[in-house]
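One file, final-v3.cif, carrying mmCIF, C-alpha atoms; chains and numbers go by the auth columns:
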data_my_file
loop_
_atom_site.group_PDB
_atom_site.id
_atom_site.type_symbol
_atom_site.label_atom_id
_atom_site.label_comp_id
_atom_site.label_asym_id
_atom_site.label_seq_id
_atom_site.Cartn_x
_atom_site.Cartn_y
_atom_site.Cartn_z
_atom_site.B_iso_or_equiv
_atom_site.auth_seq_id
_atom_site.auth_asym_id
ATOM 1 C CA MET A 1 135.391 123.178 100.685 0.00 224 A
ATOM 2 C CA ASP A 2 138.516 123.288 98.495 0.00 225 A
ATOM 3 C CA ASP A 3 138.939 120.309 96.146 0.00 226 A
ATOM 4 C CA LYS A 4 142.434 121.429 95.093 0.00 227 A
ATOM 5 C CA VAL A 5 143.890 119.933 98.281 0.00 228 A
ATOM 6 C CA ALA A 6 143.103 116.444 96.908 0.00 229 A
ATOM 7 C CA GLU A 7 144.497 116.830 93.377 0.00 230 A
ATOM 8 C CA ASN A 8 147.205 114.217 93.980 0.00 231 A
ATOM 9 C CA TYR A 9 144.750 111.500 95.014 0.00 232 A
ATOM 10 C CA LYS A 10 143.074 109.076 92.605 0.00 233 A
ATOM 11 C CA SER A 11 140.541 107.331 94.845 0.00 234 A
ATOM 12 C CA ASN A 12 137.273 109.252 95.267 0.00 235 A
ATOM 13 C CA SER A 13 136.999 108.114 98.891 0.00 236 A
ATOM 14 C CA GLN A 14 140.517 109.380 99.607 0.00 237 A
ATOM 15 C CA LYS A 15 139.773 112.666 97.887 0.00 238 A
ATOM 16 C CA ILE A 16 136.671 113.389 99.912 0.00 239 A
ATOM 17 C CA ARG A 17 138.437 112.352 103.128 0.00 240 A
ATOM 18 C CA VAL A 18 141.246 114.844 102.461 0.00 241 A
ATOM 19 C CA ILE A 19 138.828 117.599 101.387 0.00 242 A
ATOM 20 C CA THR A 20 136.506 117.260 104.387 0.00 243 A
ATOM 21 C CA GLU A 21 139.315 116.891 106.905 0.00 244 A
ATOM 22 C CA GLN A 22 141.059 119.961 105.501 0.00 245 A
ATOM 23 C CA TRP A 23 137.843 121.953 105.886 0.00 246 A
ATOM 24 C CA VAL A 24 137.541 120.889 109.521 0.00 247 A
ATOM 25 C CA SER A 25 141.197 121.762 110.182 0.00 248 A
ATOM 26 C CA ASN A 26 140.694 125.231 108.693 0.00 249 A
ATOM 27 C CA ASN A 27 137.322 126.062 110.208 0.00 250 A
ATOM 28 C CA LEU A 28 136.524 124.191 113.409 0.00 251 A
ATOM 29 C CA PHE A 29 137.008 125.435 116.952 0.00 252 A
ATOM 30 C CA CYS A 30 136.739 123.174 119.997 0.00 253 A
ATOM 31 C CA PRO A 31 133.066 122.995 121.097 0.00 254 A
ATOM 32 C CA TYR A 32 134.185 122.253 124.674 0.00 255 A
ATOM 33 C CA CYS A 33 136.659 125.024 125.479 0.00 256 A
ATOM 34 C CA GLY A 34 136.389 127.377 122.494 0.00 257 A
ATOM 35 C CA LYS A 35 139.994 126.901 121.324 0.00 258 A
ATOM 36 C CA GLU A 36 140.176 128.683 117.960 0.00 259 A
ATOM 37 C CA LYS A 37 141.589 125.698 116.044 0.00 260 A
ATOM 38 C CA ILE A 38 141.574 121.953 116.598 0.00 261 A
ATOM 39 C CA ALA A 39 144.511 119.829 115.414 0.00 262 A
ATOM 40 C CA HIS A 40 144.645 116.843 113.084 0.00 263 A
ATOM 41 C CA PHE A 41 146.028 113.530 114.319 0.00 264 A
ATOM 42 C CA GLU A 42 148.486 111.614 112.175 0.00 265 A
ATOM 43 C CA ASN A 43 146.846 109.534 109.432 0.00 266 A
ATOM 44 C CA ASN A 44 145.344 106.091 110.079 0.00 267 A
ATOM 45 C CA ARG A 45 144.905 106.611 113.794 0.00 268 A
ATOM 46 C CA PRO A 46 142.294 104.034 114.871 0.00 269 A
ATOM 47 C CA VAL A 47 140.393 106.088 117.446 0.00 270 A
ATOM 48 C CA ALA A 48 139.988 109.724 116.346 0.00 271 A
ATOM 49 C CA ASP A 49 140.780 112.246 113.609 0.00 272 A
ATOM 50 C CA PHE A 50 141.179 115.513 115.541 0.00 273 A
ATOM 51 C CA TYR A 51 142.024 116.753 119.017 0.00 274 A
ATOM 52 C CA CYS A 52 142.015 120.012 120.937 0.00 275 A
ATOM 53 C CA PRO A 53 145.543 121.152 121.923 0.00 276 A
ATOM 54 C CA ASP A 54 144.139 122.896 125.020 0.00 277 A
ATOM 55 C CA CYS A 55 141.547 120.600 126.620 0.00 278 A
ATOM 56 C CA ALA A 56 142.623 117.350 124.837 0.00 279 A
ATOM 57 C CA GLU A 57 139.096 116.420 123.706 0.00 280 A
ATOM 58 C CA GLU A 58 139.157 114.098 120.683 0.00 281 A
ATOM 59 C CA TYR A 59 136.856 114.042 117.654 0.00 282 A
ATOM 60 C CA GLU A 60 136.072 111.612 114.866 0.00 283 A
ATOM 61 C CA LEU A 61 134.639 112.880 111.580 0.00 284 A
ATOM 62 C CA LYS A 62 131.905 111.147 109.565 0.00 285 A
ATOM 63 C CA SER A 63 130.992 112.838 106.284 0.00 286 A
ATOM 64 C CA LYS A 64 128.375 112.080 103.669 0.00 287 A
ATOM 65 C CA ASN A 65 127.188 113.483 100.369 0.00 288 A
ATOM 66 C CA GLY A 66 123.504 114.384 100.712 0.00 289 A
ATOM 67 C CA THR A 67 121.551 114.535 103.930 0.00 290 A
ATOM 68 C CA ILE A 68 122.424 113.187 107.354 0.00 291 A
ATOM 69 C CA GLU A 69 119.798 110.522 107.787 0.00 292 A
ATOM 70 C CA ASN A 70 118.783 108.607 110.870 0.00 293 A
ATOM 71 C CA LYS A 71 121.629 106.132 110.437 0.00 294 A
ATOM 72 C CA VAL A 72 125.313 106.672 109.717 0.00 295 A
ATOM 73 C CA ASN A 73 127.596 103.826 108.694 0.00 296 A
ATOM 74 C CA ASP A 74 130.531 103.127 110.976 0.00 297 A
ATOM 75 C CA GLY A 75 133.203 100.433 111.256 0.00 298 A
ATOM 76 C CA ALA A 76 133.296 97.099 113.059 0.00 299 A
ATOM 77 C CA TYR A 77 130.471 96.521 115.534 0.00 300 A
ATOM 78 C CA ASP A 78 132.590 94.918 118.273 0.00 301 A
ATOM 79 C CA THR A 79 135.206 97.678 118.035 0.00 302 A
ATOM 80 C CA MET A 80 132.559 100.392 118.363 0.00 303 A
ATOM 81 C CA ILE A 81 130.993 98.770 121.434 0.00 304 A
ATOM 82 C CA LYS A 82 134.398 98.454 123.100 0.00 305 A
ATOM 83 C CA ARG A 83 135.098 102.114 122.395 0.00 306 A
ATOM 84 C CA ILE A 84 131.824 103.206 123.978 0.00 307 A
ATOM 85 C CA GLU A 85 132.558 101.108 127.047 0.00 308 A
ATOM 86 C CA SER A 86 136.078 102.541 127.394 0.00 309 A
ATOM 87 C CA ILE A 87 137.260 105.948 128.581 0.00 310 A
ATOM 88 C CA ASN A 88 138.786 106.692 125.159 0.00 311 A
ATOM 89 C CA ASN A 89 135.601 107.097 123.157 0.00 312 A
ATOM 90 C CA PRO A 90 135.873 110.275 121.037 0.00 313 A
ATOM 91 C CA ASN A 91 133.232 112.880 120.320 0.00 314 A
ATOM 92 C CA PHE A 92 131.754 112.711 116.818 0.00 315 A
ATOM 93 C CA PHE A 93 131.419 115.270 114.049 0.00 316 A
ATOM 94 C CA PHE A 94 128.802 114.470 111.393 0.00 317 A
ATOM 95 C CA MET A 95 128.966 116.408 108.130 0.00 318 A
ATOM 96 C CA ASN A 96 126.732 116.348 105.096 0.00 319 A
ATOM 97 C CA TYR A 97 127.819 118.190 101.994 0.00 320 A
ATOM 98 C CA ASN A 98 126.765 118.861 98.413 0.00 321 A
ATOM 99 C CA LYS A 99 129.079 116.959 96.079 0.00 322 A
ATOM 100 C CA GLN A 100 128.345 119.309 93.166 0.00 323 A
ATOM 101 C CA ASP A 101 129.416 122.591 94.760 0.00 324 A
ATOM 102 C CA LEU A 102 131.268 121.199 97.822 0.00 325 A
ATOM 103 C CA HIS A 103 129.165 123.286 100.186 0.00 326 A
ATOM 104 C CA VAL A 104 128.837 122.083 103.764 0.00 327 A
ATOM 105 C CA LYS A 105 125.082 121.725 104.267 0.00 328 A
ATOM 106 C CA ASP A 106 124.971 120.554 107.880 0.00 329 A
ATOM 107 C CA PHE A 107 127.659 119.933 110.459 0.00 330 A
ATOM 108 C CA LEU A 108 126.840 118.683 113.919 0.00 331 A
ATOM 109 C CA MET A 109 128.645 117.386 116.944 0.00 332 A
ATOM 110 C CA VAL A 110 127.538 114.584 119.268 0.00 333 A
ATOM 111 C CA PRO A 111 129.372 114.597 122.620 0.00 334 A
ATOM 112 C CA LYS A 112 130.899 111.246 123.536 0.00 335 A
ATOM 113 C CA TYR A 113 128.762 110.860 126.659 0.00 336 A
ATOM 114 C CA PHE A 114 125.620 110.620 124.512 0.00 337 A
ATOM 115 C CA PHE A 115 126.859 107.323 123.091 0.00 338 A
ATOM 116 C CA SER A 116 125.563 104.062 124.513 0.00 339 A
ATOM 117 C CA PRO A 117 125.363 100.525 123.090 0.00 340 A
ATOM 118 C CA GLU A 118 121.644 101.047 122.394 0.00 341 A
ATOM 119 C CA ILE A 119 122.342 103.541 119.603 0.00 342 A
ATOM 120 C CA ILE A 120 124.718 101.163 117.797 0.00 343 A
ATOM 121 C CA GLU A 121 122.968 98.879 115.312 0.00 344 A
ATOM 122 C CA LYS A 122 124.656 95.661 114.248 0.00 345 A
ATOM 123 C CA ARG A 123 124.696 95.053 110.489 0.00 346 A
ATOM 124 C CA LYS A 124 124.497 91.652 108.822 0.00 347 A
ATOM 125 C CA PRO A 125 127.812 89.785 108.485 0.00 348 A
ATOM 126 C CA LEU A 126 129.479 89.965 105.078 0.00 349 A
ATOM 127 C CA SER A 127 128.765 86.957 102.869 0.00 350 A
ATOM 128 C CA ASP A 128 131.103 83.993 102.576 0.00 351 A
ATOM 129 C CA THR A 129 132.163 85.196 99.130 0.00 352 A
ATOM 130 C CA ALA A 130 133.201 88.649 100.368 0.00 353 A
ATOM 131 C CA ARG A 131 136.865 89.537 100.821 0.00 354 A
ATOM 132 C CA ARG A 132 136.249 90.003 104.557 0.00 355 A
ATOM 133 C CA ALA A 133 133.769 87.166 104.939 0.00 356 A
ATOM 134 C CA GLY A 134 131.902 87.227 108.264 0.00 357 A
ATOM 135 C CA TRP A 135 132.934 90.779 109.125 0.00 358 A
ATOM 136 C CA VAL A 136 130.202 92.612 111.067 0.00 359 A
ATOM 137 C CA GLY A 137 129.808 96.358 110.704 0.00 360 A
ATOM 138 C CA CYS A 138 127.502 98.771 112.477 0.00 361 A
ATOM 139 C CA ASN A 139 125.345 101.866 112.088 0.00 362 A
ATOM 140 C CA ILE A 140 125.107 104.812 114.458 0.00 363 A
ATOM 141 C CA VAL A 141 121.367 105.424 114.898 0.00 364 A
ATOM 142 C CA LEU A 142 121.173 109.199 115.290 0.00 365 A
ATOM 143 C CA LYS A 143 117.450 109.260 116.051 0.00 366 A
ATOM 144 C CA GLN A 144 118.187 107.344 119.274 0.00 367 A
ATOM 145 C CA ILE A 145 120.345 110.230 120.493 0.00 368 A
ATOM 146 C CA PRO A 146 118.387 112.856 122.467 0.00 369 A
ATOM 147 C CA GLU A 147 117.954 116.183 120.716 0.00 370 A
ATOM 148 C CA GLU A 148 120.197 117.799 123.359 0.00 371 A
ATOM 149 C CA GLY A 149 123.066 115.627 122.115 0.00 372 A
ATOM 150 C CA ARG A 150 122.775 116.611 118.446 0.00 373 A
ATOM 151 C CA ILE A 151 124.460 120.000 118.518 0.00 374 A
ATOM 152 C CA PHE A 152 124.506 121.793 115.178 0.00 375 A
ATOM 153 C CA ILE A 153 127.534 123.885 114.258 0.00 376 A
ATOM 154 C CA VAL A 154 126.272 124.509 110.714 0.00 377 A
ATOM 155 C CA LYS A 155 122.602 124.040 109.830 0.00 378 A
ATOM 156 C CA ASN A 156 121.206 124.527 106.326 0.00 379 A
ATOM 157 C CA GLU A 157 124.513 126.210 105.376 0.00 380 A
ATOM 158 C CA ILE A 158 124.161 128.744 108.210 0.00 381 A
ATOM 159 C CA GLU A 159 126.775 128.920 110.970 0.00 382 A
ATOM 160 C CA ILE A 160 125.486 128.716 114.539 0.00 383 A
ATOM 161 C CA PRO A 161 127.084 131.261 116.925 0.00 384 A
ATOM 162 C CA GLN A 162 130.044 129.801 118.792 0.00 385 A
ATOM 163 C CA LYS A 163 128.788 130.889 122.226 0.00 386 A
ATOM 164 C CA GLU A 164 125.489 129.085 121.630 0.00 387 A
ATOM 165 C CA ILE A 165 127.293 125.869 120.690 0.00 388 A
ATOM 166 C CA ILE A 166 129.595 125.904 123.718 0.00 389 A
ATOM 167 C CA SER A 167 126.637 126.695 125.983 0.00 390 A
ATOM 168 C CA LYS A 168 124.736 123.655 124.675 0.00 391 A
ATOM 169 C CA VAL A 169 127.740 121.397 125.260 0.00 392 A
ATOM 170 C CA LYS A 170 128.244 122.657 128.822 0.00 393 A
ATOM 171 C CA ARG A 171 124.533 122.261 129.560 0.00 394 A
ATOM 172 C CA THR A 172 124.746 118.478 129.248 0.00 395 A
ATOM 173 C CA ASP A 173 128.341 117.707 130.251 0.00 396 A
ATOM 174 C CA PHE A 174 127.121 116.546 133.682 0.00 397 A
ATOM 175 C CA ILE A 175 126.169 113.264 131.962 0.00 398 A
ATOM 176 C CA LYS A 176 129.829 112.273 131.566 0.00 399 A
ATOM 177 C CA GLN A 177 130.192 111.806 135.343 0.00 400 A
ATOM 178 C CA TYR A 178 127.969 108.711 135.245 0.00 401 A
ATOM 179 C CA LYS A 179 129.027 105.186 134.459 0.00 402 A
ATOM 180 C CA LEU A 180 127.606 103.562 131.335 0.00 403 A
ATOM 181 C CA ASP A 181 124.468 102.027 132.887 0.00 404 A
ATOM 182 C CA ALA A 182 123.451 105.161 134.800 0.00 405 A
ATOM 183 C CA ARG A 183 124.229 107.272 131.750 0.00 406 A
ATOM 184 C CA GLY A 184 121.981 105.044 129.663 0.00 407 A
ATOM 185 C CA TRP A 185 119.118 105.622 132.074 0.00 408 A
ATOM 186 C CA VAL A 186 119.505 109.406 131.926 0.00 409 A
ATOM 187 C CA LEU A 187 119.530 109.334 128.114 0.00 410 A
ATOM 188 C CA ASP A 188 116.549 106.959 127.926 0.00 411 A
ATOM 189 C CA VAL A 189 114.436 109.126 130.231 0.00 412 A
ATOM 190 C CA LEU A 190 115.485 112.253 128.331 0.00 413 A
ATOM 191 C CA ASN A 191 114.411 110.604 125.080 0.00 414 A
ATOM 192 C CA CYS A 192 111.032 109.830 126.638 0.00 415 A
ATOM 193 C CA VAL A 193 110.660 113.451 127.744 0.00 416 A
ATOM 194 C CA ASN A 194 111.394 114.620 124.205 0.00 417 A
ATOM 195 C CA GLN A 195 108.706 112.352 122.772 0.00 418 A
ATOM 196 C CA ILE A 196 106.030 114.249 124.711 0.00 419 A
ATOM 197 C CA GLU A 197 104.649 117.105 122.646 0.00 420 A
ATOM 198 C CA GLY A 198 104.779 120.596 124.091 0.00 421 A
ATOM 199 C CA ARG A 199 106.864 122.001 126.912 0.00 422 A
ATOM 200 C CA ASP A 200 104.688 120.928 129.841 0.00 423 A
ATOM 201 C CA PHE A 201 104.177 117.329 130.909 0.00 424 A
ATOM 202 C CA THR A 202 103.256 115.275 133.960 0.00 425 A
ATOM 203 C CA LEU A 203 104.724 112.369 135.854 0.00 426 A
ATOM 204 C CA GLU A 204 101.746 110.264 134.754 0.00 427 A
ATOM 205 C CA GLN A 205 102.701 110.878 131.128 0.00 428 A
ATOM 206 C CA MET A 206 106.212 109.659 131.892 0.00 429 A
ATOM 207 C CA TYR A 207 104.864 106.510 133.539 0.00 430 A
ATOM 208 C CA LYS A 208 103.352 105.569 130.161 0.00 431 A
ATOM 209 C CA PHE A 209 106.905 104.788 129.024 0.00 432 A
ATOM 210 C CA GLU A 210 107.242 102.118 131.718 0.00 433 A
ATOM 211 C CA ASP A 211 106.890 99.214 129.273 0.00 434 A
ATOM 212 C CA VAL A 212 109.389 100.723 126.841 0.00 435 A
ATOM 213 C CA LEU A 213 111.949 101.252 129.585 0.00 436 A
ATOM 214 C CA SER A 214 111.307 97.782 131.035 0.00 437 A
ATOM 215 C CA LYS A 215 112.305 96.221 127.712 0.00 438 A
ATOM 216 C CA LYS A 216 115.498 98.279 127.620 0.00 439 A
ATOM 217 C CA HIS A 217 116.318 97.493 131.258 0.00 440 A
ATOM 218 C CA PRO A 218 114.873 93.998 131.896 0.00 441 A
ATOM 219 C CA ASP A 219 116.881 93.498 135.092 0.00 442 A
ATOM 220 C CA ASN A 220 115.289 96.470 136.825 0.00 443 A
ATOM 221 C CA ASN A 221 112.006 95.931 138.670 0.00 444 A
ATOM 222 C CA HIS A 222 111.581 99.522 139.841 0.00 445 A
ATOM 223 C CA ILE A 223 111.054 101.431 136.615 0.00 446 A
ATOM 224 C CA LYS A 224 108.836 104.170 138.078 0.00 447 A
ATOM 225 C CA ASP A 225 111.394 104.835 140.795 0.00 448 A
ATOM 226 C CA LYS A 226 114.085 105.189 138.133 0.00 449 A
ATOM 227 C CA ILE A 227 111.926 107.569 136.114 0.00 450 A
ATOM 228 C CA ARG A 228 111.444 109.836 139.140 0.00 451 A
ATOM 229 C CA GLN A 229 115.130 109.636 140.032 0.00 452 A
ATOM 230 C CA LYS A 230 116.299 110.646 136.545 0.00 453 A
ATOM 231 C CA LEU A 231 113.706 113.410 136.277 0.00 454 A
ATOM 232 C CA GLN A 232 115.123 114.824 139.494 0.00 455 A
ATOM 233 C CA ILE A 233 118.619 114.769 138.001 0.00 456 A
ATOM 234 C CA LEU A 234 117.401 116.529 134.852 0.00 457 A
ATOM 235 C CA ARG A 235 115.664 119.088 137.065 0.00 458 A
ATOM 236 C CA ASP A 236 118.753 119.684 139.212 0.00 459 A
ATOM 237 C CA LYS A 237 120.898 120.163 136.096 0.00 460 A
ATOM 238 C CA GLY A 238 118.598 122.728 134.514 0.00 461 A
ATOM 239 C CA ILE A 239 117.172 120.599 131.719 0.00 462 A
ATOM 240 C CA LEU A 240 113.711 120.516 133.314 0.00 463 A
ATOM 241 C CA GLU A 241 111.759 122.688 135.712 0.00 464 A
ATOM 242 C CA PHE A 242 109.638 121.060 138.428 0.00 465 A
ATOM 243 C CA ARG A 243 106.372 122.974 138.797 0.00 466 A
ATOM 244 C CA GLY A 244 104.865 120.989 141.651 0.00 467 A
ATOM 245 C CA ARG A 245 102.407 118.106 142.073 0.00 468 A
ATOM 246 C CA GLY A 246 103.918 115.932 139.388 0.00 469 A
ATOM 247 C CA HIS A 247 104.134 118.660 136.759 0.00 470 A
ATOM 248 C CA TYR A 248 107.287 119.475 134.790 0.00 471 A
ATOM 249 C CA ARG A 249 108.347 121.925 132.087 0.00 472 A
ATOM 250 C CA LYS A 250 111.107 121.529 129.493 0.00 473 A
ATOM 251 C CA ILE A 251 113.613 124.392 129.628 0.00 474 A
#
As structure tokens - that is how I would like this structure written.
Amino acid sequence: MDDKVAENYKSNSQKIRVITEQWVSNNLFCPYCGKEKIAHFENNRPVADFYCPDCAEEYELKSKNGTIENKVNDGAYDTMIKRIESINNPNFFFMNYNKQDLHVKDFLMVPKYFFSPEIIEKRKPLSDTARRAGWVGCNIVLKQIPEEGRIFIVKNEIEIPQKEIISKVKRTDFIKQYKLDARGWVLDVLNCVNQIEGRDFTLEQMYKFEDVLSKKHPDNNHIKDKIRQKLQILRDKGILEFRGRGHYRKI
């Protein structure tokens, strides 16, 4: 990244915002349609930082010095939940960089349809002595997002081929057709699948997640039925292969 673009800024947070956003403007294509360049919104827009001039997909950038850990700080909790529940939720870019040499270490995209209220963690309210006393922020819990939704564009300073990135996005874009509750079920079952070691697994192994899914969906009394239903969807969409008699394989 080029730090000269931020020479006129005094605040370190402003500097890194300008530097990282300039890098994205210069280097990022649209992971949905492959448009060579994405555009920058005007400053201080509350919803997103970038958009694609061709397909109109929107993106918000979160950057961090060091590694991208399991949690990423975001803004107000209530605002984030409302965004997820609306049709205007943007896709997210997550960047981690080395502050010393300004190298981009990792850069990944999470499609907007992988976001659900379950991956948003409420932080403690600010103390009464704070300038914004009572304000409640949130964290995005990346480990709650299925592996299929964490799509690397740069990994360990190595660029991933553009065709591979677009292919991974298209492979899961069927999820966006579902409303929030149904989408949550698909993501929860996919997370359970990913927790099973190896490529091959059985329906009986999936039933072992019944208690976990019951706690997430307390109003549903037919958990096993839901598991089978969502496995069928994942099979039909090419995420899983059904091998007969309750046996599945991850593709």
Residue contacts of Glu387 in chain A (10 Å, only C-alpha atoms) excluding same-chain residues fewer than 2 positions away, as a PDB file with C-alpha atoms, keeping the file's coordinate frame:
ATOM      1  CA  PRO A 254     133.066 122.995 121.097  1.00  0.00           C
ATOM      2  CA  ILE A 374     124.460 120.000 118.518  1.00  0.00           C
ATOM      3  CA  PHE A 375     124.506 121.793 115.178  1.00  0.00           C
ATOM      4  CA  ILE A 376     127.534 123.885 114.258  1.00  0.00           C
ATOM      5  CA  ILE A 383     125.486 128.716 114.539  1.00  0.00           C
ATOM      6  CA  PRO A 384     127.084 131.261 116.925  1.00  0.00           C
ATOM      7  CA  GLN A 385     130.044 129.801 118.792  1.00  0.00           C
ATOM      8  CA  ILE A 389     129.595 125.904 123.718  1.00  0.00           C
ATOM      9  CA  SER A 390     126.637 126.695 125.983  1.00  0.00           C
ATOM     10  CA  LYS A 391     124.736 123.655 124.675  1.00  0.00           C
ATOM     11  CA  VAL A 392     127.740 121.397 125.260  1.00  0.00           C
TER      12      VAL A 392
END
- Message: Please report the interatomic distance between CA of Arg468 in chain A and CA of Ile368 in chain A in Å with one decimal.
- Response: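 Taking CA of Arg468 in chain A as the start and CA of Ile368 in chain A as the end point, the length is 29.1 Å.
Between Pro340 in chain A and the residues A:Ala279, A:Leu325, A:Val364, A:Ile304, the shortest atom-to-atom distance, using only C-alpha atoms, involves A:Ile304.
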- Name the residues that the PyMOL selection byres ((chain A and resi 366) around 10) picks from the file above, as a PyMOL selection string, using the file's chain letters and numbers. chain A and resi 292-294+342+363-365+367-370+373+414
- Query: Of the residues A:Lys285, A:Arg422, A:Lys399, A:Lys260, which is the one nearest to Asn362 in chain A, using all atoms listed in the file?
  - Reply: A:Lys285
Tell me which protein, DNA and RNA residues are within 10 Å of Lys473 in chain A, counting only C-alpha atoms, leaving out same-chain ones fewer than 5 positions away, and put them as a CSV table (one decimal) with C-alpha atoms, in the frame of the given file.
chain,number,residue,atom,x,y,z
A,416,VAL,CA,110.7,113.5,127.7
A,417,ASN,CA,111.4,114.6,124.2
A,421,GLY,CA,104.8,120.6,124.1
A,422,ARG,CA,106.9,122.0,126.9
A,423,ASP,CA,104.7,120.9,129.8
A,424,PHE,CA,104.2,117.3,130.9
A,457,LEU,CA,117.4,116.5,134.9
A,458,ARG,CA,115.7,119.1,137.1
A,461,GLY,CA,118.6,122.7,134.5
A,462,ILE,CA,117.2,120.6,131.7
A,463,LEU,CA,113.7,120.5,133.3
A,464,GLU,CA,111.8,122.7,135.7
A,465,PHE,CA,109.6,121.1,138.4
- Task: In Å, rounded to a single decimal, give me how far CA of Phe338 in chain A is from CA of Ile307 in chain A.
- Result: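 Going from CA of Ile307 in chain A over to CA of Phe338 in chain A, I get 6.5 Å.
The protein and nucleic acid residues lying at most 12 Å from Ser309 in chain A are Val270, Thr302, Met303, Ile304, Lys335, Tyr336, Phe338, Ser339, Pro340, Lys402 and Leu403 of chain A, with all atoms listed in the file considered and sequence neighbours fewer than 5 positions away removed.
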- For Lys345 in chain A, which residue among A:Trp358, A:Tyr320, A:Tyr401, A:Phe252 is the nearest when counting all atoms listed in the file?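 Of the candidates, the smallest distance to Lys345 in chain A is held by A:Trp358.
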- Closest of A:Thr395, A:Asn311, A:Ser234, A:Asn319 to Leu284 in chain A, counting only C-alpha atoms, is A:Asn319
- Restricting the calculation to all atoms listed in the file, which member of A:Arg354, A:Lys378, A:Lys449, A:Lys386 is positioned closest to Cys253 in chain A?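 Looking at the shortest contact to Cys253 in chain A, the residue is A:Lys386.
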- Note on the structure: From CA of Phe273 in chain A to CA of Trp408 in chain A the spacing works out at 29.3 Å
- Contacts of Ile261 in chain A at 10 Å (all atoms listed in the file; same-chain gap of 3+ positions) as a list in words: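 Once the nearby chain positions are removed, what remains is Val247, Ser248, Asn249, Asn250, Leu251, Phe252, Cys253, Pro254, Gly257, Lys258, Phe264, Phe273, Tyr274, Cys275, Pro276, Asp277, Ala279, Glu280, Glu281 and Tyr282 of chain A.
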- Determine the nearest neighbour of Arg346 in chain A from the options A:Glu283, A:Glu433, A:Asp442, A:Asp297, counting only C-alpha atoms. A:Asp297
- Task: Write out as a PyMOL selection string each polymer residue whose atoms come within 7 Å of Glu380 in chain A, counting all atoms listed in the file; drop sequence neighbours fewer than 2 positions from it.
- Result: chain A and resi 327-329+377-378+382
